[in-house]
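Q: Got a structure here, written out as C-alpha cells. Questions coming.
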Amino acid sequence: MKQVTISKGQVSIQELPAPKVRKGEVLVKTAFSLISAGTEISGKNASKTPFLEKVLKNPDNIKKGIDILANQGLKAVMAVVEKQQEAAILPGYSVAGIVVGIYAGEKEFKIGDRVACAGMGKASHAEFVSVPDNLVAKIPQNVDFKDASSVTLGAIAMQGLRRADVKLGENVAVVGLGLLGLILVQLLKANGARVAGIDINDGKLDLAKELGSDVVCNSARENVLQIVSDFTGAKGVDSVIITASAPGDNRLVQQAMEMARKKGKVVVVGDVGLNPQRSPFYEKEIDFLISTSYGPGRYDPSYEEKGIDYPFAYVRWTEKRNMEEYLRLLSDKKIDFLKLVSKIFFIEDASAAYDFIQDNRLAKPAVLLDYHFDDKGKPETKLIFESRPVKKSIINVGIIGLGNFAKAMHIPNLKRLSDVYKIYAVCDLDGMNAKKTAQKAGADYCTTDYRQILNDKNIDMVMVTLPHDLHAGIAAEAARSKKAVFCEKPMALNDDELKSLEDAIGEEKTPYWPGFNRRFSPLVEKIRELASNRESPLMIDYQMNAGYVPLNSWIHGEAGGGRNIGEACHIYDLFTFLTDSEVASVNAVSIGVDGGKYLKNDNFCATLKFKDGSVCSLIYTAAGAKNYSKEFAKIYFDGKMIVLDDFRSIKTYGSVNFSQKWDQDKGHYLELKRFADYIKGDNKDLFPLWQAVQATMISFEVERQIYL
C-alpha cells in the first residue's frame with residue numbers, strides 16, 4: 001500500500017505492507033484524508049532538526065540514554081539512537097473510507113460501512129488504516145467522503161466550543177482563522193453565538209465573514225480591543241477561543257484576557273505560550289481553560305486502545321461522540337466544509353501538496369489527498385523484496401515482533417551466525433518498522449500478518465519477540481506449523497497458557513526454547529563446571545537490583561504480566577540449571593502493597609528448596625541504587641564460594657582459586673548458536689523443556705504467594 005512519510009524534512013511515498021486488523025479495531029480503506037496544515041507542516045519542519053540537537057534540548061533524553069546503558073548495555077543505546085535517527089513520521093490523523101476488515105467479535109461495525117477515523121499514528125495518510133473503534137464514526141449517507149475526512153479537525157473545534165460552554169446569544173472571539181478557526185466559526189453560529197473572527201490574513205477574514213462571523217478584525221493593522229469593545233458594547237466577549245499557532249508566544253493569551261469580560265473565559269485550543277501576566281487575569285477573575293484535542297478519552301489508553309467507553313450519563317461528550325455530532329452537523333448542512341478546501345491532490349502527489357501548503361498563505365486552508373477510491377482492492381500485508389533460491393543447508397528464520405530488543409540483540413546475533421541462520425522474513429504490526437528492519441537484515445520479505453510466516457514452508461524457525469501476553473499463543477501456533485520455535489521469555493503468563501503451549505510442543509515434538517539466556521553465559525557455564533563434582537547441595541543467594549519501572553509501563557499491565565513472571569523467571573531457570581533438580585517447595589514474601597510507588601511484585605524475596613537439597617534465594621528489588629550491579633550472586637558448596645558480578649566477572653574462594661573477567665555476556669549469542677545445533681539434532685540436552693516449564697511454574701507460584 002502507499003503511505004505518506006516524512007523524514008529529515010522530506011515528504012515521500014513509501015510502499016508498505018498494509019496493516020493487519022487488530023483486536024478492538026477496524027481496517028479501513030481510505031477514500032480521502034485531510035492534511036492538517038498547522039500540525040503537519042510544523043512536524044515536517046521539526047523533522048529537519050539533527051538528532052543530537054533534539055537530545056541536547058531535552059535533558060530527560062540524556063537521562064533515558066544513561067538508564068538504557070546501565071540496564072541493557074551499549075548495543076541497546078545504539079539501537080535507540082539508530083531508530084531515532086532513521087525515524088520517519090507517519091503524518092495525518094483524519095481520514096474517511098469504508099470498512100474492509102473487522103476483528104472477531106466486532107459488534108459495532110461491519111464490512112462496507114462508510115466511516116470517518118481519527119488518531120495520530122492510526123488514521124494516517126495511507127491507503128489502508130487500522131483504527132480503534134472509539135476513534136471511528138459512521139458517516140451519514142448524505143455526507144461525502146471529502147467532507148467526512150475533516151472529522152478530526154471538526155471534533156477538535158467542537159471540544160473547544162464545549163470547554164467554553166457557549167450559551168445561546170453569547171459573544172465569542174475566535175483568534176486564528178485557520179482550518180480549526182473557520183470550522184469553529186460555523187459551529188458557534190450553529191450554536192446561536194455572535195462571533196468575532198480575528199486573524200492576520202484578509203482572505204481568511206473574508207471567508208469567515210462569508211461563513212457567518214458577525215465582525216472580523218485584522219490584528220496586524222487594526223485595533224483588536226477597540227473592535228471587540230464596539231462589538232460587545234464595551235462589555236468584552238463572554239469567551240475567547242484561541243485556535244492560532246504561535247508556540248511560546250504569550251501575547252495571544254494576554255490579549256485574550258484583555259478582550260474577555262469580567263468572569264469570562266479564555267480557552268486555548270492552538271499551540272501558544274501559556275504564561276500571561278497576572279493582570280487582567282486576576283482582576284477579571286477569568287477562567288483559563290485548555291481544550292484537550294478531540295475531547296474526553298484523548299490520550300487515555302483504556303478508552304482509545306481498549307475500547308472502554310465513558311458512561312454516557314457522566315461524560316456526555318467523548319471524543320467519539322464529538323466526531324459523531326460533527327458528522328451530523330455536516331449531514332444537516334450546518335457546516336460547509338468544502339468552502340474551506342483549496343485543492344485536492346492525488347496520493348502520489350503528496351509531496352506537492354505539502355509544498356503547496358507551505359508556499360502559499362491559503363485563505364482556504366484545507367488540502368485533501370485523494371486515494372483513487374474503489375471498493376475492490378484488497379489490502380496486501382506482504383511486501384516482497386527479492387525472491388532468492390532457498391538454502392536448505394541453513395536455518396531460515398522468520399521473526400515475529402521487531403521491538404528494540406529484537407533489533408539490538410537478536411538480529412545482530414543472527415547475522416553474526418550467518419553460516420547457520422538466514423533471516424528470511426520479518427513481521428511487525430508497524431509496516432514501516434517491518435520494511436526498514438527487513439531491508440537492513442537482508443530478509444526476502446516483510447509482513448504485518450504473522451500467519452504469513454507460519455504458513456511459509458521455506459521457514460524453518462520462528463523467533464517470537466512480542467509483548468509477553470502473546471508469547472504462548474503464537475509459539476503454540478508456530479509449533480503446530482511444524483516450525484522450530486525460539487520465543488522470548490516468559491513462556492506464558494498463566495497456567496492455561498502454559499498447558500496449551502506444552503500440549504502443542506509435545507504433539508509436534510518440535511524444538512522449542514523460551515529465551516532463558518543466562519544459562520548460556522560463558523561465566524555461568526564456568527560456574528556449572530566448577531560445581532559439577534560437588535558433594536553438597538548448593539546454597540545460592542541471588543540479588544536482582546532491577547531498578548524502578550513506572551507503574552504505567554506496559555510491563556506491569558496485561559501485556560507484560562508483571563516483573564516477577566516477566567523477568568524473575570530468568571533466575572528461576574538459572575537456579576534450575578545450576579541444581580539440575582526438580583523444585584520441592586516455594587516460599588515468597590513481598591514488602592510492598594499495591595497502590596503506592598511500588599507493586600508487590602516489584603520488591604520480594606523468593607526461597608526455593610530443590611529435591612537434591614539445594615536452597616536458592618532471590619531478592620528482587622526495584623528500590624536499590626542504580627550505581628550498584630544489577631545482578632549479583634553468591635554460590636556456596638563444599639567449603640567453596642563463587643561470586644558472580646553482573647555477568648562481567650566470577651571469583652572463587654576456598655580450595656580452588658579462580659577468577660575471570662569478561663565483557664558483560666548474558667548468553668544471548670551462545671544460546672542462538674547452540675539452538676541451531678538443537679534444530680539440527682544435537683545439543684538437545686541443553687534445552688530441557690521440563691526445566692523451562694519448571695521455571696515458569698515457579699514464577700506463577702511466587703506470584704500467587706506474594707499476592708495472597
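Lettering and numbering for the C-alpha cells are positional, with chains as A, B, ... in the shown order, residues counted from 1 in each chain, and ligands counted from 1 in the shown order.
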Near Glu567 of chain A, within 12 Å and counting only C-alpha atoms, which residues show up once chain neighbours fewer than 4 positions away are dropped, as a ChimeraX atom specification?
A: /A:468,488-493,515-518,544-547,555-556,560-563,571-573,601-602,620-621,695-696,699
Q: Only N, CA and C atoms, please: the residues just picked out, written as a PDB file, in the first residue's frame.
A:
```pdb
ATOM      1  N   HIS A 468       4.650  -9.903  26.203  1.00  0.00           N
ATOM      2  CA  HIS A 468       4.592 -11.183  26.899  1.00  0.00           C
ATOM      3  C   HIS A 468       3.267 -11.921  26.759  1.00  0.00           C
ATOM      4  N   GLU A 488      10.951 -15.457  23.068  1.00  0.00           N
ATOM      5  CA  GLU A 488      11.471 -14.747  24.233  1.00  0.00           C
ATOM      6  C   GLU A 488      10.685 -15.132  25.485  1.00  0.00           C
ATOM      7  N   LYS A 489      11.342 -14.977  26.647  1.00  0.00           N
ATOM      8  CA  LYS A 489      10.653 -15.256  27.909  1.00  0.00           C
ATOM      9  C   LYS A 489       9.590 -14.186  28.141  1.00  0.00           C
ATOM     10  N   PRO A 490       8.586 -14.459  28.961  1.00  0.00           N
ATOM     11  CA  PRO A 490       8.284 -15.724  29.635  1.00  0.00           C
ATOM     12  C   PRO A 490       7.568 -16.685  28.690  1.00  0.00           C
ATOM     13  N   MET A 491       7.544 -17.974  29.075  1.00  0.00           N
ATOM     14  CA  MET A 491       6.812 -18.947  28.268  1.00  0.00           C
ATOM     15  C   MET A 491       5.342 -18.595  28.172  1.00  0.00           C
ATOM     16  N   ALA A 492       4.773 -18.202  29.303  1.00  0.00           N
ATOM     17  CA  ALA A 492       3.337 -17.965  29.397  1.00  0.00           C
ATOM     18  C   ALA A 492       3.089 -17.077  30.614  1.00  0.00           C
ATOM     19  N   LEU A 493       1.867 -16.555  30.706  1.00  0.00           N
ATOM     20  CA  LEU A 493       1.504 -15.695  31.839  1.00  0.00           C
ATOM     21  C   LEU A 493       0.571 -16.376  32.834  1.00  0.00           C
ATOM     22  N   GLY A 515      13.918 -18.496  25.533  1.00  0.00           N
ATOM     23  CA  GLY A 515      14.839 -17.371  25.698  1.00  0.00           C
ATOM     24  C   GLY A 515      15.419 -17.215  27.087  1.00  0.00           C
ATOM     25  N   PHE A 516      15.550 -18.301  27.848  1.00  0.00           N
ATOM     26  CA  PHE A 516      16.244 -18.233  29.137  1.00  0.00           C
ATOM     27  C   PHE A 516      17.740 -18.268  28.840  1.00  0.00           C
ATOM     28  N   ASN A 517      18.300 -17.092  28.582  1.00  0.00           N
ATOM     29  CA  ASN A 517      19.648 -16.995  28.039  1.00  0.00           C
ATOM     30  C   ASN A 517      20.755 -17.077  29.070  1.00  0.00           C
ATOM     31  N   ARG A 518      20.453 -16.771  30.331  1.00  0.00           N
ATOM     32  CA  ARG A 518      21.535 -16.653  31.302  1.00  0.00           C
ATOM     33  C   ARG A 518      22.305 -17.954  31.496  1.00  0.00           C
ATOM     34  N   MET A 544      18.778  -9.317  42.574  1.00  0.00           N
ATOM     35  CA  MET A 544      18.450  -8.673  41.304  1.00  0.00           C
ATOM     36  C   MET A 544      18.010  -7.248  41.592  1.00  0.00           C
ATOM     37  N   ASN A 545      18.940  -6.332  41.373  1.00  0.00           N
ATOM     38  CA  ASN A 545      18.706  -4.907  41.606  1.00  0.00           C
ATOM     39  C   ASN A 545      18.088  -4.333  40.332  1.00  0.00           C
ATOM     40  N   ALA A 546      16.783  -4.597  40.148  1.00  0.00           N
ATOM     41  CA  ALA A 546      16.147  -4.460  38.845  1.00  0.00           C
ATOM     42  C   ALA A 546      15.882  -3.023  38.420  1.00  0.00           C
ATOM     43  N   GLY A 547      15.833  -2.086  39.369  1.00  0.00           N
ATOM     44  CA  GLY A 547      15.543  -0.704  39.011  1.00  0.00           C
ATOM     45  C   GLY A 547      14.054  -0.434  38.943  1.00  0.00           C
ATOM     46  N   ILE A 555       4.925  -3.178  31.146  1.00  0.00           N
ATOM     47  CA  ILE A 555       5.464  -4.337  31.867  1.00  0.00           C
ATOM     48  C   ILE A 555       4.546  -4.738  33.025  1.00  0.00           C
ATOM     49  N   HIS A 556       3.944  -3.729  33.680  1.00  0.00           N
ATOM     50  CA  HIS A 556       3.061  -4.009  34.809  1.00  0.00           C
ATOM     51  C   HIS A 556       1.650  -4.395  34.382  1.00  0.00           C
ATOM     52  N   GLY A 560       2.376  -7.255  29.908  1.00  0.00           N
ATOM     53  CA  GLY A 560       3.662  -7.614  30.487  1.00  0.00           C
ATOM     54  C   GLY A 560       3.598  -8.712  31.522  1.00  0.00           C
ATOM     55  N   GLY A 561       2.502  -8.747  32.285  1.00  0.00           N
ATOM     56  CA  GLY A 561       2.353  -9.783  33.304  1.00  0.00           C
ATOM     57  C   GLY A 561       3.062  -9.508  34.609  1.00  0.00           C
ATOM     58  N   GLY A 562       3.748  -8.362  34.701  1.00  0.00           N
ATOM     59  CA  GLY A 562       4.441  -8.032  35.948  1.00  0.00           C
ATOM     60  C   GLY A 562       5.894  -8.470  35.925  1.00  0.00           C
ATOM     61  N   ARG A 563       6.654  -7.975  36.869  1.00  0.00           N
ATOM     62  CA  ARG A 563       8.106  -8.151  36.834  1.00  0.00           C
ATOM     63  C   ARG A 563       8.557  -9.523  37.315  1.00  0.00           C
ATOM     64  N   ILE A 571      15.807 -16.017  36.566  1.00  0.00           N
ATOM     65  CA  ILE A 571      16.606 -16.501  37.702  1.00  0.00           C
ATOM     66  C   ILE A 571      16.106 -17.856  38.172  1.00  0.00           C
ATOM     67  N   TYR A 572      14.798 -18.089  38.102  1.00  0.00           N
ATOM     68  CA  TYR A 572      14.278 -19.410  38.458  1.00  0.00           C
ATOM     69  C   TYR A 572      14.836 -20.467  37.497  1.00  0.00           C
ATOM     70  N   ASP A 573      14.995 -20.096  36.231  1.00  0.00           N
ATOM     71  CA  ASP A 573      15.622 -21.026  35.289  1.00  0.00           C
ATOM     72  C   ASP A 573      17.090 -21.235  35.628  1.00  0.00           C
ATOM     73  N   ASN A 601       4.966  -7.143  43.256  1.00  0.00           N
ATOM     74  CA  ASN A 601       5.989  -7.897  42.532  1.00  0.00           C
ATOM     75  C   ASN A 601       7.158  -7.031  42.083  1.00  0.00           C
ATOM     76  N   ASP A 602       7.290  -5.844  42.672  1.00  0.00           N
ATOM     77  CA  ASP A 602       8.473  -5.010  42.465  1.00  0.00           C
ATOM     78  C   ASP A 602       9.567  -5.328  43.482  1.00  0.00           C
ATOM     79  N   TYR A 620      14.568  -9.758  44.783  1.00  0.00           N
ATOM     80  CA  TYR A 620      14.271  -8.947  43.597  1.00  0.00           C
ATOM     81  C   TYR A 620      13.760  -7.606  44.085  1.00  0.00           C
ATOM     82  N   THR A 621      14.417  -6.529  43.655  1.00  0.00           N
ATOM     83  CA  THR A 621      14.007  -5.219  44.168  1.00  0.00           C
ATOM     84  C   THR A 621      14.060  -4.134  43.105  1.00  0.00           C
ATOM     85  N   ALA A 695      10.677 -23.457  35.633  1.00  0.00           N
ATOM     86  CA  ALA A 695      10.974 -22.052  35.928  1.00  0.00           C
ATOM     87  C   ALA A 695       9.719 -21.200  35.798  1.00  0.00           C
ATOM     88  N   THR A 696       8.927 -21.501  34.794  1.00  0.00           N
ATOM     89  CA  THR A 696       7.697 -20.736  34.572  1.00  0.00           C
ATOM     90  C   THR A 696       6.685 -20.998  35.678  1.00  0.00           C
ATOM     91  N   SER A 699       7.482 -19.161  38.786  1.00  0.00           N
ATOM     92  CA  SER A 699       7.077 -17.748  38.741  1.00  0.00           C
ATOM     93  C   SER A 699       5.589 -17.596  39.065  1.00  0.00           C
TER      94      SER A 699
END
```
Q: Just asking: which residues within segment 66-234 of chain A are helix (DSSP H, G or I) according to DSSP, as an MDAnalysis selection string?
A: chainID A and resid 66:72 74:86 133:135 145:148 151:164 179:190 202:210 224:231
Q: DSSP on the backbone, strand (DSSP E or B) only: what residues of segment 16-255 of chain A does that give? Format it as a PyMOL selection string.
A: chain A and resi 25-35+89+94-102+114-118+126+128-132+136-138+171-175+194-199+215-218+237-242+246
Q: Give me, as a PyMOL selection string, all polymer residues having an atom no more than 12 Å from Ala137 of chain A, counting only C-alpha atoms and skipping those fewer than 6 positions away in the same chain.
A: chain A and resi 26+28+94-99+108-109+113-118+131+148-149+151-152+155+319-328
Q: Now that the selection is made, can you save its residues with C-alpha atoms as a short mmCIF file (atom, residue, chain, number, x, y, z; two decimals), in the first residue's frame?
A:
```
data_model
loop_
_atom_site.label_atom_id
_atom_site.label_comp_id
_atom_site.auth_asym_id
_atom_site.auth_seq_id
_atom_site.Cartn_x
_atom_site.Cartn_y
_atom_site.Cartn_z
CA VAL A 26 -11.44 -1.92 12.17
CA VAL A 28 -10.44 0.93 6.67
CA SER A 94 -8.15 12.42 9.82
CA VAL A 95 -9.45 10.09 7.09
CA ALA A 96 -12.66 8.74 5.57
CA GLY A 97 -13.30 5.48 3.75
CA ILE A 98 -15.01 2.11 4.09
CA VAL A 99 -14.50 -0.80 6.47
CA GLU A 108 -20.41 -2.03 16.09
CA PHE A 109 -19.06 -2.10 12.54
CA ASP A 113 -19.62 0.62 6.49
CA ARG A 114 -18.73 4.17 5.45
CA VAL A 115 -16.65 5.62 8.30
CA ALA A 116 -14.52 8.57 9.35
CA CYS A 117 -11.46 7.95 11.51
CA ALA A 118 -9.21 9.94 13.83
CA VAL A 131 -8.13 2.29 13.78
CA ALA A 148 -16.15 13.41 6.39
CA SER A 149 -12.35 13.38 6.09
CA VAL A 151 -13.85 14.71 11.21
CA THR A 152 -10.81 15.07 13.47
CA ALA A 155 -14.06 17.23 16.80
CA GLU A 319 -14.08 12.31 21.52
CA LYS A 320 -16.10 9.75 19.56
CA ARG A 321 -19.41 11.43 20.37
CA ASN A 322 -17.87 14.74 19.26
CA MET A 323 -16.90 13.09 15.98
CA GLU A 324 -20.40 11.71 15.51
CA GLU A 325 -22.02 15.08 16.25
CA TYR A 326 -19.75 16.87 13.81
CA LEU A 327 -20.73 14.39 11.09
CA ARG A 328 -24.40 15.00 11.94
#
```
Q: If we count only C-alpha atoms, what is near Ala234 of chain A at a cut-off of 12 Å, once residues fewer than 2 positions away on the same chain are taken out, given as JSON, numbers by chain?
A: {"A": [171, 225, 226, 227, 228, 229, 230, 231, 232, 236, 237, 238, 258, 259, 260, 261, 262]}
Q: For segment 618-641 of chain A against segment 578-587 of chain A, with a cut-off of 12 Å and counting only C-alpha atoms, what is the closest atom pair and its distance in Å to one decimal for every residue that makes the cut, ordered by chain and number, as JSON lines?
A:
```
{"residue": "A:Leu618", "atom": "CA", "partner": "A:Asn587", "partner_atom": "CA", "distance": 10.6}
{"residue": "A:Ile635", "atom": "CA", "partner": "A:Leu578", "partner_atom": "CA", "distance": 9.8}
{"residue": "A:Tyr636", "atom": "CA", "partner": "A:Leu578", "partner_atom": "CA", "distance": 11.8}
{"residue": "A:Phe637", "atom": "CA", "partner": "A:Thr579", "partner_atom": "CA", "distance": 11.4}
```
Q: Restricting the calculation to only C-alpha atoms, which member of A:Val702, A:Gln3, A:Gln159, A:Ser418 is positioned closest to Arg316 of chain A?
A: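 Ranked by minimum distance to Arg316 of chain A, first place goes to A:Gln159.
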Q: Out of A:Ile241, A:Ala625, A:Ala606, A:Ile200, which residue has the shortest atom-to-atom distance to Leu362 of chain A when counting only C-alpha atoms?
A: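 Of A:Ile241, A:Ala625, A:Ala606, A:Ile200, the one nearest Leu362 of chain A, counting only C-alpha atoms, is A:Ile200.
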Q: Give me, please, the distance in Å between atom CA of Met120 of chain A and atom CA of Pro91 of chain A, quoted to one decimal.
A: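 These two atoms are separated by 7.3 Å.
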Q: Could you tell me how far atom CA of Val315 of chain A sits from atom CA of Asp332 of chain A, in Å to one decimal place?
A: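 Those two atoms sit 24.3 Å apart.
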Q: Hey, which of A:Val464, A:Ala123, A:Ile591, A:Ala18 ends up closest to Lys382 of chain A? Count only C-alpha atoms.
A: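 Smallest distance to Lys382 of chain A is found for A:Ala18.
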Q: Rounded to one decimal, what separation in Å do you get between atom CA of Trp317 of chain A and atom CA of Tyr93 of chain A?
A: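 Going from atom CA of Trp317 of chain A over to atom CA of Tyr93 of chain A, I get 19.9 Å.
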Q: Hey, what's within 10 Å of Val269 of chain A if we count only C-alpha atoms and toss same-chain stuff fewer than 2 positions away? As a list in words, please?
A: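 Once the adjacent positions are removed, what remains is Ile156, Ala157, Gln159, Gly160, Leu161, Arg163, Val175, Leu180, Gly181, Ile241, Ile242, Thr243, Ala244, Ser245, Val266, Val267, Asp271, Val272, Leu289, Ile290, Ser291, Thr292 and Ser293 of chain A.
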Q: Please produce a file of the residues just selected, as a PDB file, in the first residue's frame, where the atoms kept are C-alpha atoms.
A:
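Below is the file that was written, selection35.pdb:
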```pdb
ATOM      1  CA  ILE A 156     -11.139  19.405  17.978  1.00  0.00           C
ATOM      2  CA  ALA A 157     -13.061  22.588  17.155  1.00  0.00           C
ATOM      3  CA  GLN A 159     -14.286  20.363  22.019  1.00  0.00           C
ATOM      4  CA  GLY A 160     -13.009  23.959  22.172  1.00  0.00           C
ATOM      5  CA  LEU A 161     -16.606  25.156  21.966  1.00  0.00           C
ATOM      6  CA  ARG A 163     -14.837  23.886  27.002  1.00  0.00           C
ATOM      7  CA  VAL A 175      -8.394  34.071  17.451  1.00  0.00           C
ATOM      8  CA  LEU A 180      -9.859  24.936  13.140  1.00  0.00           C
ATOM      9  CA  GLY A 181     -10.921  28.539  13.489  1.00  0.00           C
ATOM     10  CA  ILE A 241     -11.190  30.642  21.887  1.00  0.00           C
ATOM     11  CA  ILE A 242      -7.599  30.641  20.624  1.00  0.00           C
ATOM     12  CA  THR A 243      -7.044  28.364  17.635  1.00  0.00           C
ATOM     13  CA  ALA A 244      -3.916  30.129  16.355  1.00  0.00           C
ATOM     14  CA  SER A 245      -0.463  28.533  16.420  1.00  0.00           C
ATOM     15  CA  VAL A 266     -10.254  32.030  27.669  1.00  0.00           C
ATOM     16  CA  VAL A 267      -9.933  28.626  26.019  1.00  0.00           C
ATOM     17  CA  ASP A 271      -0.206  25.890  20.432  1.00  0.00           C
ATOM     18  CA  VAL A 272       0.603  29.205  22.116  1.00  0.00           C
ATOM     19  CA  LEU A 289      -9.073  26.611  30.164  1.00  0.00           C
ATOM     20  CA  ILE A 290      -7.172  24.158  27.983  1.00  0.00           C
ATOM     21  CA  SER A 291      -9.003  22.089  25.396  1.00  0.00           C
ATOM     22  CA  THR A 292      -7.589  18.587  25.024  1.00  0.00           C
ATOM     23  CA  SER A 293      -7.733  17.739  21.369  1.00  0.00           C
TER      24      SER A 293
END
```
Q: Write out as a PyMOL selection string which residues come within 10 Å of Tyr354 of chain A when counting only C-alpha atoms, dropping same-chain ones fewer than 4 positions away.
A: chain A and resi 10-11+35-37+40-41+44+345+349-350+358-359+367
Q: What's the 8 Å shell around Tyr450 of chain A, counting only C-alpha atoms, without same-chain residues fewer than 6 positions away, as a list in words?
A: Ile400, Cys427 and Asp428 of chain A
Q: Counting only C-alpha atoms, which of A:Val21, A:Leu188, A:Ile89, A:Leu27 gets nearest to Asn45 of chain A?
A: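 Distance minimum relative to Asn45 of chain A lands on A:Ile89.
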